[in-house]
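Next comes run-v9.cif, a file with mmCIF, N, CA and C atoms.
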data_model
loop_
_atom_site.label_atom_id
_atom_site.label_comp_id
_atom_site.auth_asym_id
_atom_site.auth_seq_id
_atom_site.Cartn_x
_atom_site.Cartn_y
_atom_site.Cartn_z
N MET F 833 -12.39 2.23 -15.14
CA MET F 833 -12.58 2.11 -13.71
C MET F 833 -11.57 1.14 -13.09
N LYS F 834 -11.14 0.17 -13.88
CA LYS F 834 -10.17 -0.79 -13.37
C LYS F 834 -8.82 -0.14 -13.09
N ASN F 835 -8.53 0.95 -13.75
CA ASN F 835 -7.23 1.59 -13.61
C ASN F 835 -7.12 2.41 -12.33
N VAL F 836 -8.19 2.60 -11.60
CA VAL F 836 -8.17 3.40 -10.37
C VAL F 836 -7.82 2.55 -9.16
N ILE F 837 -7.90 1.25 -9.26
CA ILE F 837 -7.70 0.36 -8.12
C ILE F 837 -6.31 0.51 -7.49
N PRO F 838 -5.21 0.59 -8.24
CA PRO F 838 -3.92 0.80 -7.57
C PRO F 838 -3.84 2.12 -6.80
N ILE F 839 -4.50 3.15 -7.28
CA ILE F 839 -4.48 4.44 -6.60
C ILE F 839 -5.24 4.35 -5.28
N VAL F 840 -6.36 3.68 -5.28
CA VAL F 840 -7.14 3.52 -4.05
C VAL F 840 -6.37 2.68 -3.03
N MET F 841 -5.73 1.62 -3.50
CA MET F 841 -4.98 0.77 -2.59
C MET F 841 -3.78 1.50 -2.00
N ALA F 842 -3.17 2.39 -2.76
CA ALA F 842 -2.07 3.18 -2.23
C ALA F 842 -2.58 4.18 -1.20
N GLY F 843 -3.78 4.68 -1.37
CA GLY F 843 -4.36 5.59 -0.39
C GLY F 843 -4.67 4.92 0.93
N VAL F 844 -5.00 3.63 0.88
CA VAL F 844 -5.27 2.88 2.11
C VAL F 844 -4.02 2.79 2.96
N ILE F 845 -2.86 2.69 2.34
CA ILE F 845 -1.61 2.62 3.09
C ILE F 845 -1.38 3.90 3.88
N GLY F 846 -1.74 5.03 3.31
CA GLY F 846 -1.64 6.29 4.04
C GLY F 846 -2.57 6.32 5.25
N ILE F 847 -3.73 5.69 5.13
CA ILE F 847 -4.66 5.62 6.25
C ILE F 847 -4.08 4.76 7.37
N TYR F 848 -3.32 3.71 7.03
CA TYR F 848 -2.66 2.90 8.05
C TYR F 848 -1.72 3.77 8.88
N GLY F 849 -0.95 4.61 8.23
CA GLY F 849 -0.05 5.50 8.95
C GLY F 849 -0.80 6.49 9.82
N LEU F 850 -1.93 6.98 9.35
CA LEU F 850 -2.74 7.90 10.14
C LEU F 850 -3.30 7.22 11.39
N ILE F 851 -3.71 5.98 11.26
CA ILE F 851 -4.22 5.22 12.41
C ILE F 851 -3.15 5.09 13.47
N ILE F 852 -1.94 4.70 13.07
CA ILE F 852 -0.84 4.55 14.03
C ILE F 852 -0.49 5.88 14.66
N ALA F 853 -0.49 6.96 13.88
CA ALA F 853 -0.16 8.28 14.42
C ALA F 853 -1.16 8.71 15.49
N VAL F 854 -2.44 8.47 15.26
CA VAL F 854 -3.46 8.84 16.24
C VAL F 854 -3.32 8.00 17.51
N ILE F 855 -3.05 6.72 17.36
CA ILE F 855 -2.90 5.85 18.53
C ILE F 855 -1.67 6.26 19.34
N LEU F 856 -0.56 6.53 18.67
CA LEU F 856 0.65 6.91 19.38
C LEU F 856 0.51 8.27 20.05
N ALA F 857 -0.15 9.21 19.39
CA ALA F 857 -0.34 10.53 19.98
C ALA F 857 -1.24 10.45 21.21
N GLY F 858 -2.18 9.55 21.21
CA GLY F 858 -3.05 9.38 22.37
C GLY F 858 -2.37 8.70 23.54
N ASN F 859 -1.29 7.98 23.30
CA ASN F 859 -0.58 7.26 24.36
C ASN F 859 0.53 8.07 25.01
N ILE F 860 0.78 9.28 24.54
CA ILE F 860 1.83 10.10 25.15
C ILE F 860 1.23 10.90 26.30
N PRO F 861 1.66 10.63 27.53
CA PRO F 861 1.09 11.35 28.68
C PRO F 861 1.75 12.72 28.86
N PRO F 862 0.98 13.69 29.35
CA PRO F 862 1.59 15.00 29.64
C PRO F 862 2.42 14.93 30.92
N PRO F 863 3.33 15.88 31.12
CA PRO F 863 4.08 15.91 32.39
C PRO F 863 3.15 16.18 33.57
N THR F 864 3.58 15.77 34.74
CA THR F 864 2.75 15.99 35.93
C THR F 864 2.60 17.48 36.21
N VAL F 865 1.43 17.86 36.66
CA VAL F 865 1.13 19.26 36.92
C VAL F 865 1.83 19.70 38.20
N GLY F 866 2.41 20.86 38.18
CA GLY F 866 3.07 21.41 39.36
C GLY F 866 4.56 21.11 39.38
N THR F 867 4.92 19.83 39.36
CA THR F 867 6.34 19.47 39.43
C THR F 867 7.00 19.46 38.06
N GLY F 868 6.25 19.20 37.03
CA GLY F 868 6.80 19.15 35.69
C GLY F 868 7.60 17.90 35.40
N GLU F 869 7.44 16.87 36.23
CA GLU F 869 8.18 15.63 36.01
C GLU F 869 7.60 14.89 34.81
N ASN F 870 8.49 14.34 34.04
CA ASN F 870 8.09 13.59 32.85
C ASN F 870 7.86 12.14 33.22
N ILE F 871 6.69 11.62 32.90
CA ILE F 871 6.41 10.21 33.17
C ILE F 871 6.48 9.38 31.88
N TYR F 872 6.86 10.01 30.78
CA TYR F 872 7.02 9.32 29.49
C TYR F 872 8.43 8.76 29.44
N SER F 873 8.57 7.45 29.57
CA SER F 873 9.89 6.83 29.68
C SER F 873 10.56 6.66 28.33
N VAL F 874 11.85 6.41 28.38
CA VAL F 874 12.62 6.14 27.17
C VAL F 874 12.16 4.84 26.53
N TYR F 875 11.80 3.86 27.37
CA TYR F 875 11.31 2.58 26.86
C TYR F 875 10.04 2.77 26.04
N THR F 876 9.11 3.55 26.56
CA THR F 876 7.86 3.82 25.84
C THR F 876 8.13 4.61 24.57
N GLY F 877 9.05 5.57 24.65
CA GLY F 877 9.40 6.36 23.47
C GLY F 877 10.01 5.50 22.37
N MET F 878 10.87 4.59 22.75
CA MET F 878 11.47 3.69 21.75
C MET F 878 10.44 2.71 21.18
N ALA F 879 9.51 2.28 22.02
CA ALA F 879 8.45 1.40 21.52
C ALA F 879 7.60 2.15 20.50
N HIS F 880 7.30 3.42 20.78
CA HIS F 880 6.51 4.21 19.84
C HIS F 880 7.29 4.51 18.57
N LEU F 881 8.59 4.76 18.71
CA LEU F 881 9.43 4.98 17.52
C LEU F 881 9.46 3.72 16.65
N CYS F 882 9.64 2.57 17.28
CA CYS F 882 9.67 1.31 16.52
C CYS F 882 8.33 1.03 15.86
N ALA F 883 7.23 1.36 16.53
CA ALA F 883 5.91 1.15 15.94
C ALA F 883 5.74 2.03 14.71
N GLY F 884 6.15 3.29 14.80
CA GLY F 884 6.05 4.19 13.66
C GLY F 884 6.93 3.77 12.50
N LEU F 885 8.16 3.35 12.82
CA LEU F 885 9.07 2.88 11.76
C LEU F 885 8.56 1.60 11.12
N CYS F 886 8.01 0.71 11.91
CA CYS F 886 7.49 -0.55 11.37
C CYS F 886 6.35 -0.29 10.39
N CYS F 887 5.43 0.56 10.79
CA CYS F 887 4.30 0.88 9.91
C CYS F 887 4.78 1.66 8.69
N GLY F 888 5.68 2.61 8.90
CA GLY F 888 6.15 3.45 7.80
C GLY F 888 6.98 2.70 6.77
N LEU F 889 7.92 1.88 7.24
CA LEU F 889 8.78 1.16 6.29
C LEU F 889 8.02 0.06 5.56
N SER F 890 7.09 -0.60 6.25
CA SER F 890 6.29 -1.60 5.53
C SER F 890 5.35 -0.92 4.54
N GLY F 891 4.86 0.26 4.89
CA GLY F 891 4.05 1.03 3.94
C GLY F 891 4.85 1.50 2.75
N LEU F 892 6.11 1.86 2.99
CA LEU F 892 6.99 2.26 1.89
C LEU F 892 7.25 1.10 0.93
N ALA F 893 7.52 -0.08 1.49
CA ALA F 893 7.74 -1.26 0.65
C ALA F 893 6.48 -1.64 -0.12
N ALA F 894 5.34 -1.60 0.55
CA ALA F 894 4.08 -1.94 -0.12
C ALA F 894 3.74 -0.90 -1.17
N GLY F 895 4.00 0.37 -0.89
CA GLY F 895 3.74 1.42 -1.87
C GLY F 895 4.59 1.29 -3.10
N GLY F 896 5.86 0.91 -2.91
CA GLY F 896 6.72 0.67 -4.08
C GLY F 896 6.22 -0.50 -4.92
N CYS F 897 5.81 -1.57 -4.25
CA CYS F 897 5.26 -2.72 -4.99
C CYS F 897 3.98 -2.35 -5.73
N ILE F 898 3.11 -1.62 -5.05
CA ILE F 898 1.84 -1.24 -5.69
C ILE F 898 2.11 -0.30 -6.86
N GLY F 899 3.07 0.59 -6.71
CA GLY F 899 3.40 1.50 -7.81
C GLY F 899 3.90 0.78 -9.04
N ILE F 900 4.80 -0.16 -8.84
CA ILE F 900 5.37 -0.90 -9.97
C ILE F 900 4.32 -1.81 -10.60
N ILE F 901 3.60 -2.56 -9.76
CA ILE F 901 2.58 -3.47 -10.29
C ILE F 901 1.45 -2.68 -10.96
N GLY F 902 1.05 -1.58 -10.34
CA GLY F 902 -0.02 -0.76 -10.92
C GLY F 902 0.38 -0.15 -12.24
N ASP F 903 1.63 0.30 -12.33
CA ASP F 903 2.11 0.89 -13.58
C ASP F 903 2.07 -0.12 -14.73
N TYR F 904 2.69 -1.26 -14.52
CA TYR F 904 2.71 -2.27 -15.58
C TYR F 904 1.34 -2.88 -15.83
N GLY F 905 0.57 -3.07 -14.76
CA GLY F 905 -0.76 -3.65 -14.92
C GLY F 905 -1.71 -2.74 -15.67
N VAL F 906 -1.71 -1.45 -15.31
CA VAL F 906 -2.59 -0.51 -15.99
C VAL F 906 -2.19 -0.35 -17.45
N ARG F 907 -0.90 -0.33 -17.72
CA ARG F 907 -0.46 -0.23 -19.11
C ARG F 907 -0.88 -1.45 -19.92
N SER F 908 -0.70 -2.64 -19.34
CA SER F 908 -1.03 -3.84 -20.12
C SER F 908 -2.54 -3.99 -20.30
N VAL F 909 -3.32 -3.71 -19.27
CA VAL F 909 -4.77 -3.78 -19.41
C VAL F 909 -5.25 -2.71 -20.36
N GLY F 910 -4.66 -1.51 -20.29
CA GLY F 910 -5.05 -0.43 -21.19
C GLY F 910 -4.71 -0.72 -22.63
N TYR F 911 -3.54 -1.31 -22.88
CA TYR F 911 -3.17 -1.66 -24.25
C TYR F 911 -4.06 -2.74 -24.82
N ARG F 912 -4.45 -3.69 -23.98
CA ARG F 912 -5.26 -4.80 -24.48
C ARG F 912 -6.70 -4.37 -24.77
N THR F 913 -7.23 -3.41 -24.03
CA THR F 913 -8.62 -3.02 -24.22
C THR F 913 -8.80 -1.91 -25.25
N SER F 914 -7.70 -1.31 -25.68
CA SER F 914 -7.82 -0.27 -26.70
C SER F 914 -7.16 -0.76 -27.99
N ASN F 915 -7.30 0.01 -29.03
CA ASN F 915 -6.69 -0.36 -30.30
C ASN F 915 -5.32 0.27 -30.47
N ILE F 916 -4.66 0.59 -29.40
CA ILE F 916 -3.33 1.17 -29.48
C ILE F 916 -2.34 0.03 -29.71
N SER F 917 -1.50 0.21 -30.66
CA SER F 917 -0.49 -0.79 -30.96
C SER F 917 0.84 -0.35 -30.37
N VAL F 918 1.51 -1.27 -29.70
CA VAL F 918 2.82 -0.95 -29.14
C VAL F 918 3.83 -0.76 -30.25
N ILE F 919 3.74 -1.60 -31.27
CA ILE F 919 4.61 -1.49 -32.43
C ILE F 919 3.85 -0.68 -33.46
N PHE F 920 4.29 0.54 -33.70
CA PHE F 920 3.57 1.43 -34.60
C PHE F 920 3.84 1.04 -36.04
N SER F 921 2.79 0.61 -36.70
CA SER F 921 2.90 0.25 -38.11
C SER F 921 1.54 0.50 -38.77
N THR F 922 1.54 0.44 -40.08
CA THR F 922 0.29 0.64 -40.81
C THR F 922 -0.48 -0.65 -40.96
N ASP F 923 0.16 -1.78 -40.72
CA ASP F 923 -0.50 -3.07 -40.83
C ASP F 923 -1.27 -3.36 -39.55
N LYS F 924 -2.59 -3.51 -39.64
CA LYS F 924 -3.43 -3.73 -38.46
C LYS F 924 -3.29 -5.14 -37.89
N SER F 925 -2.77 -6.08 -38.66
CA SER F 925 -2.67 -7.44 -38.15
C SER F 925 -1.46 -7.63 -37.25
N SER F 926 -0.50 -6.69 -37.30
CA SER F 926 0.66 -6.83 -36.43
C SER F 926 0.50 -5.89 -35.25
N GLY F 927 1.34 -6.04 -34.28
CA GLY F 927 1.30 -5.18 -33.12
C GLY F 927 0.78 -5.94 -31.91
N PHE F 928 0.47 -5.23 -30.90
CA PHE F 928 0.09 -5.82 -29.62
C PHE F 928 -1.31 -6.41 -29.65
N ASP F 929 -2.20 -5.82 -30.45
CA ASP F 929 -3.58 -6.25 -30.44
C ASP F 929 -3.81 -7.56 -31.20
N GLY F 930 -2.99 -7.86 -32.14
CA GLY F 930 -3.14 -9.10 -32.88
C GLY F 930 -4.30 -9.09 -33.85
N GLY F 931 -4.74 -7.92 -34.27
CA GLY F 931 -5.76 -7.85 -35.29
C GLY F 931 -7.18 -7.71 -34.79
N ASP F 932 -7.40 -7.46 -33.50
CA ASP F 932 -8.75 -7.27 -33.00
C ASP F 932 -9.23 -5.89 -33.40
N GLU F 933 -10.28 -5.84 -34.21
CA GLU F 933 -10.79 -4.56 -34.68
C GLU F 933 -11.71 -3.90 -33.67
N ASP F 934 -12.40 -4.69 -32.86
CA ASP F 934 -13.35 -4.10 -31.93
C ASP F 934 -12.70 -3.68 -30.62
N GLY F 935 -11.48 -4.07 -30.38
CA GLY F 935 -10.77 -3.67 -29.17
C GLY F 935 -11.17 -4.47 -27.95
N ALA F 936 -12.04 -5.44 -28.12
CA ALA F 936 -12.51 -6.20 -26.96
C ALA F 936 -11.54 -7.29 -26.57
N GLY F 937 -10.69 -7.71 -27.47
CA GLY F 937 -9.75 -8.78 -27.16
C GLY F 937 -10.48 -10.11 -27.08
N ASN F 938 -9.80 -11.11 -26.56
CA ASN F 938 -10.42 -12.41 -26.42
C ASN F 938 -10.42 -12.85 -24.96
N GLY F 939 -10.53 -11.90 -24.06
CA GLY F 939 -10.54 -12.23 -22.64
C GLY F 939 -9.20 -12.10 -21.98
N ASP F 940 -8.17 -11.77 -22.75
CA ASP F 940 -6.85 -11.64 -22.16
C ASP F 940 -6.76 -10.48 -21.18
N GLU F 941 -7.51 -9.40 -21.44
CA GLU F 941 -7.43 -8.25 -20.53
C GLU F 941 -8.02 -8.60 -19.16
N ASN F 942 -8.99 -9.51 -19.12
CA ASN F 942 -9.53 -9.94 -17.84
C ASN F 942 -8.53 -10.80 -17.08
N LYS F 943 -7.80 -11.63 -17.81
CA LYS F 943 -6.76 -12.44 -17.17
C LYS F 943 -5.65 -11.55 -16.63
N LEU F 944 -5.28 -10.53 -17.38
CA LEU F 944 -4.27 -9.60 -16.92
C LEU F 944 -4.75 -8.82 -15.71
N PHE F 945 -6.02 -8.43 -15.72
CA PHE F 945 -6.57 -7.67 -14.60
C PHE F 945 -6.62 -8.51 -13.33
N VAL F 946 -7.03 -9.76 -13.43
CA VAL F 946 -7.11 -10.64 -12.27
C VAL F 946 -5.71 -10.87 -11.70
N GLY F 947 -4.74 -11.09 -12.56
CA GLY F 947 -3.36 -11.25 -12.09
C GLY F 947 -2.83 -10.00 -11.42
N MET F 948 -3.14 -8.83 -12.00
CA MET F 948 -2.72 -7.57 -11.39
C MET F 948 -3.39 -7.39 -10.03
N LEU F 949 -4.65 -7.71 -9.94
CA LEU F 949 -5.38 -7.53 -8.69
C LEU F 949 -4.84 -8.44 -7.59
N ILE F 950 -4.50 -9.66 -7.93
CA ILE F 950 -3.95 -10.59 -6.93
C ILE F 950 -2.60 -10.09 -6.44
N MET F 951 -1.75 -9.61 -7.36
CA MET F 951 -0.46 -9.06 -6.93
C MET F 951 -0.63 -7.82 -6.08
N LEU F 952 -1.61 -6.98 -6.40
CA LEU F 952 -1.87 -5.79 -5.59
C LEU F 952 -2.35 -6.16 -4.19
N ILE F 953 -3.16 -7.17 -4.09
CA ILE F 953 -3.66 -7.60 -2.77
C ILE F 953 -2.52 -8.12 -1.91
N PHE F 954 -1.64 -8.91 -2.49
CA PHE F 954 -0.50 -9.41 -1.72
C PHE F 954 0.47 -8.29 -1.36
N SER F 955 0.59 -7.28 -2.20
CA SER F 955 1.43 -6.13 -1.86
C SER F 955 0.80 -5.33 -0.73
N GLU F 956 -0.50 -5.21 -0.74
CA GLU F 956 -1.19 -4.50 0.35
C GLU F 956 -1.05 -5.26 1.65
N ALA F 957 -0.92 -6.57 1.58
CA ALA F 957 -0.76 -7.37 2.80
C ALA F 957 0.55 -7.02 3.52
N LEU F 958 1.57 -6.59 2.78
CA LEU F 958 2.82 -6.15 3.42
C LEU F 958 2.56 -5.00 4.38
N ALA F 959 1.79 -4.02 3.95
CA ALA F 959 1.47 -2.88 4.80
C ALA F 959 0.55 -3.29 5.94
N LEU F 960 -0.35 -4.21 5.69
CA LEU F 960 -1.25 -4.66 6.74
C LEU F 960 -0.49 -5.39 7.84
N TYR F 961 0.50 -6.20 7.45
CA TYR F 961 1.34 -6.87 8.46
C TYR F 961 2.12 -5.85 9.27
N GLY F 962 2.62 -4.81 8.63
CA GLY F 962 3.31 -3.75 9.36
C GLY F 962 2.40 -3.03 10.32
N LEU F 963 1.14 -2.81 9.93
CA LEU F 963 0.17 -2.17 10.81
C LEU F 963 -0.10 -3.04 12.02
N ILE F 964 -0.26 -4.33 11.83
CA ILE F 964 -0.54 -5.24 12.94
C ILE F 964 0.63 -5.27 13.92
N VAL F 965 1.84 -5.37 13.40
CA VAL F 965 3.01 -5.39 14.27
C VAL F 965 3.16 -4.05 14.99
N ALA F 966 2.89 -2.94 14.31
CA ALA F 966 2.98 -1.63 14.94
C ALA F 966 1.95 -1.49 16.06
N LEU F 967 0.76 -2.03 15.88
CA LEU F 967 -0.24 -1.98 16.94
C LEU F 967 0.20 -2.78 18.16
N ILE F 968 0.83 -3.91 17.93
CA ILE F 968 1.31 -4.74 19.04
C ILE F 968 2.46 -4.04 19.76
N VAL F 969 3.41 -3.50 19.01
CA VAL F 969 4.58 -2.86 19.61
C VAL F 969 4.20 -1.59 20.34
N SER F 970 3.22 -0.86 19.84
CA SER F 970 2.85 0.41 20.47
C SER F 970 2.19 0.23 21.83
N GLN F 971 1.77 -0.96 22.18
CA GLN F 971 1.13 -1.20 23.47
C GLN F 971 2.12 -1.45 24.60
N HIS F 972 3.42 -1.56 24.29
CA HIS F 972 4.44 -1.75 25.32
C HIS F 972 4.73 -0.41 25.97
N THR F 973 4.47 -0.31 27.26
CA THR F 973 4.69 0.95 27.97
C THR F 973 5.38 0.71 29.30
N TYR F 974 6.05 1.73 29.79
CA TYR F 974 6.63 1.75 31.11
C TYR F 974 6.52 3.18 31.61
N SER F 975 5.92 3.37 32.78
CA SER F 975 5.74 4.71 33.32
C SER F 975 6.84 5.03 34.32
N CYS F 976 7.41 6.19 34.15
CA CYS F 976 8.38 6.70 35.13
C CYS F 976 7.61 7.32 36.28
N GLY F 977 8.23 7.41 37.39
CA GLY F 977 7.59 8.10 38.53
C GLY F 977 6.93 7.12 39.47
N GLY F 978 6.04 7.63 40.27
CA GLY F 978 5.43 6.84 41.34
C GLY F 978 4.13 6.18 40.96
N GLU F 979 3.84 5.94 39.71
CA GLU F 979 2.57 5.31 39.35
C GLU F 979 2.67 3.82 39.38
#
Serialized structure, structure tokens:
Amino acid sequence: MKNVIPIVMAGVIGIYGLIIAVILAGNIPPPTVGTGENIYSVYTGMAHLCAGLCCGLSGLAAGGCIGIIGDYGVRSVGYRTSNISVIFSTDKSSGFDGGDEDGAGNGDENKLFVGMLIMLIFSEALALYGLIVALIVSQHTYSCGGE
């Protein structure tokens, strides 16, 4: 169950992008009826573009961090909790496990898991900061026309 945490955290980053997309789509006004004049200004369009890029690029950076940390973390926690030896030999006392026959280790897998979880949380914070900045930037608007 511990190995699913990086996948869930990566899914949350996709939800951040969905939140920004819904907010930006709701802020785009339709053209005026009858005249067809566009009241969506270039300033507002650029603010929305910057908000999307901010959320997307910070999500990309956080996703890369979560992928790398999750890969190495899941491998190390998985190796420590199982009897798989990194160095394949017939001698049970050598290898990654250090001779643990029950596969429980001596608590090292919990230390590895806590370290992995802390790094994943800080990587997720990158995407959260991008979401916050995107929410702030997306509120900048300027209406064209007589409003």
Requested in this report: Calculate how many Å separate atom C of Arg907 in chain F from CA of Ala893 in chain F, rounding to one decimal.
Outcome: 22.3 Å
Query raised in the report: What do you get, as a PyMOL selection string, if you spell out every residue that the PyMOL selection byres (((chain F and resi 841 and name CA) around 9) and name CA) selects here?
Result: chain F and resi 836-840+842-845+895+898+952-953+956
Query raised in the report: When the PyMOL selection byres (((chain F and resi 888 and name CA) around 12) and name CA) is applied to the file above, which residues end up in the set, as a VMD selection string?
Result: chain F and resid 845 to 853 881 to 887 889 to 895 958 to 963 965 to 966
Please report, as lines of an AutoDock Vina configuration file, the centre and edge lengths in Å to one decimal of an axis-aligned box covering all listed atoms of range 939-956 of chain F with 3 Å per side.
center_x = -4.6
center_y = -8.5
center_z = -11.2
size_x = 18.0
size_y = 13.9
size_z = 31.7
Report task. Would you translate the PyMOL selection byres ((chain F and resi 873-875) around 7) into the concrete set of residues it matches in this file, as a PyMOL selection string? Result -> chain F and resi 870-872+876-880+972-976
Report task. Could you please determine the separation between CA of Ala857 in chain F and CA of Glu869 in chain F in Å, to one decimal place? Result -> 18.9 Å
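Rounded to one decimal, atom N of Gly866 in chain F and atom N of Val854 in chain F lie 26.5 Å from each other.
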Requested in this report: List the neighbours of Met948 in chain F out to 8 Å using only C-alpha atoms; skip same-chain residues closer than 6 positions along the sequence, and give me the result as a ChimeraX atom specification.
Outcome: /F:901-902,905
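The residue that comes closest to Cys897 in chain F, out of F:Ala957, F:Val865, F:Val909, F:Val946 and on the basis of only C-alpha atoms, is F:Ala957.
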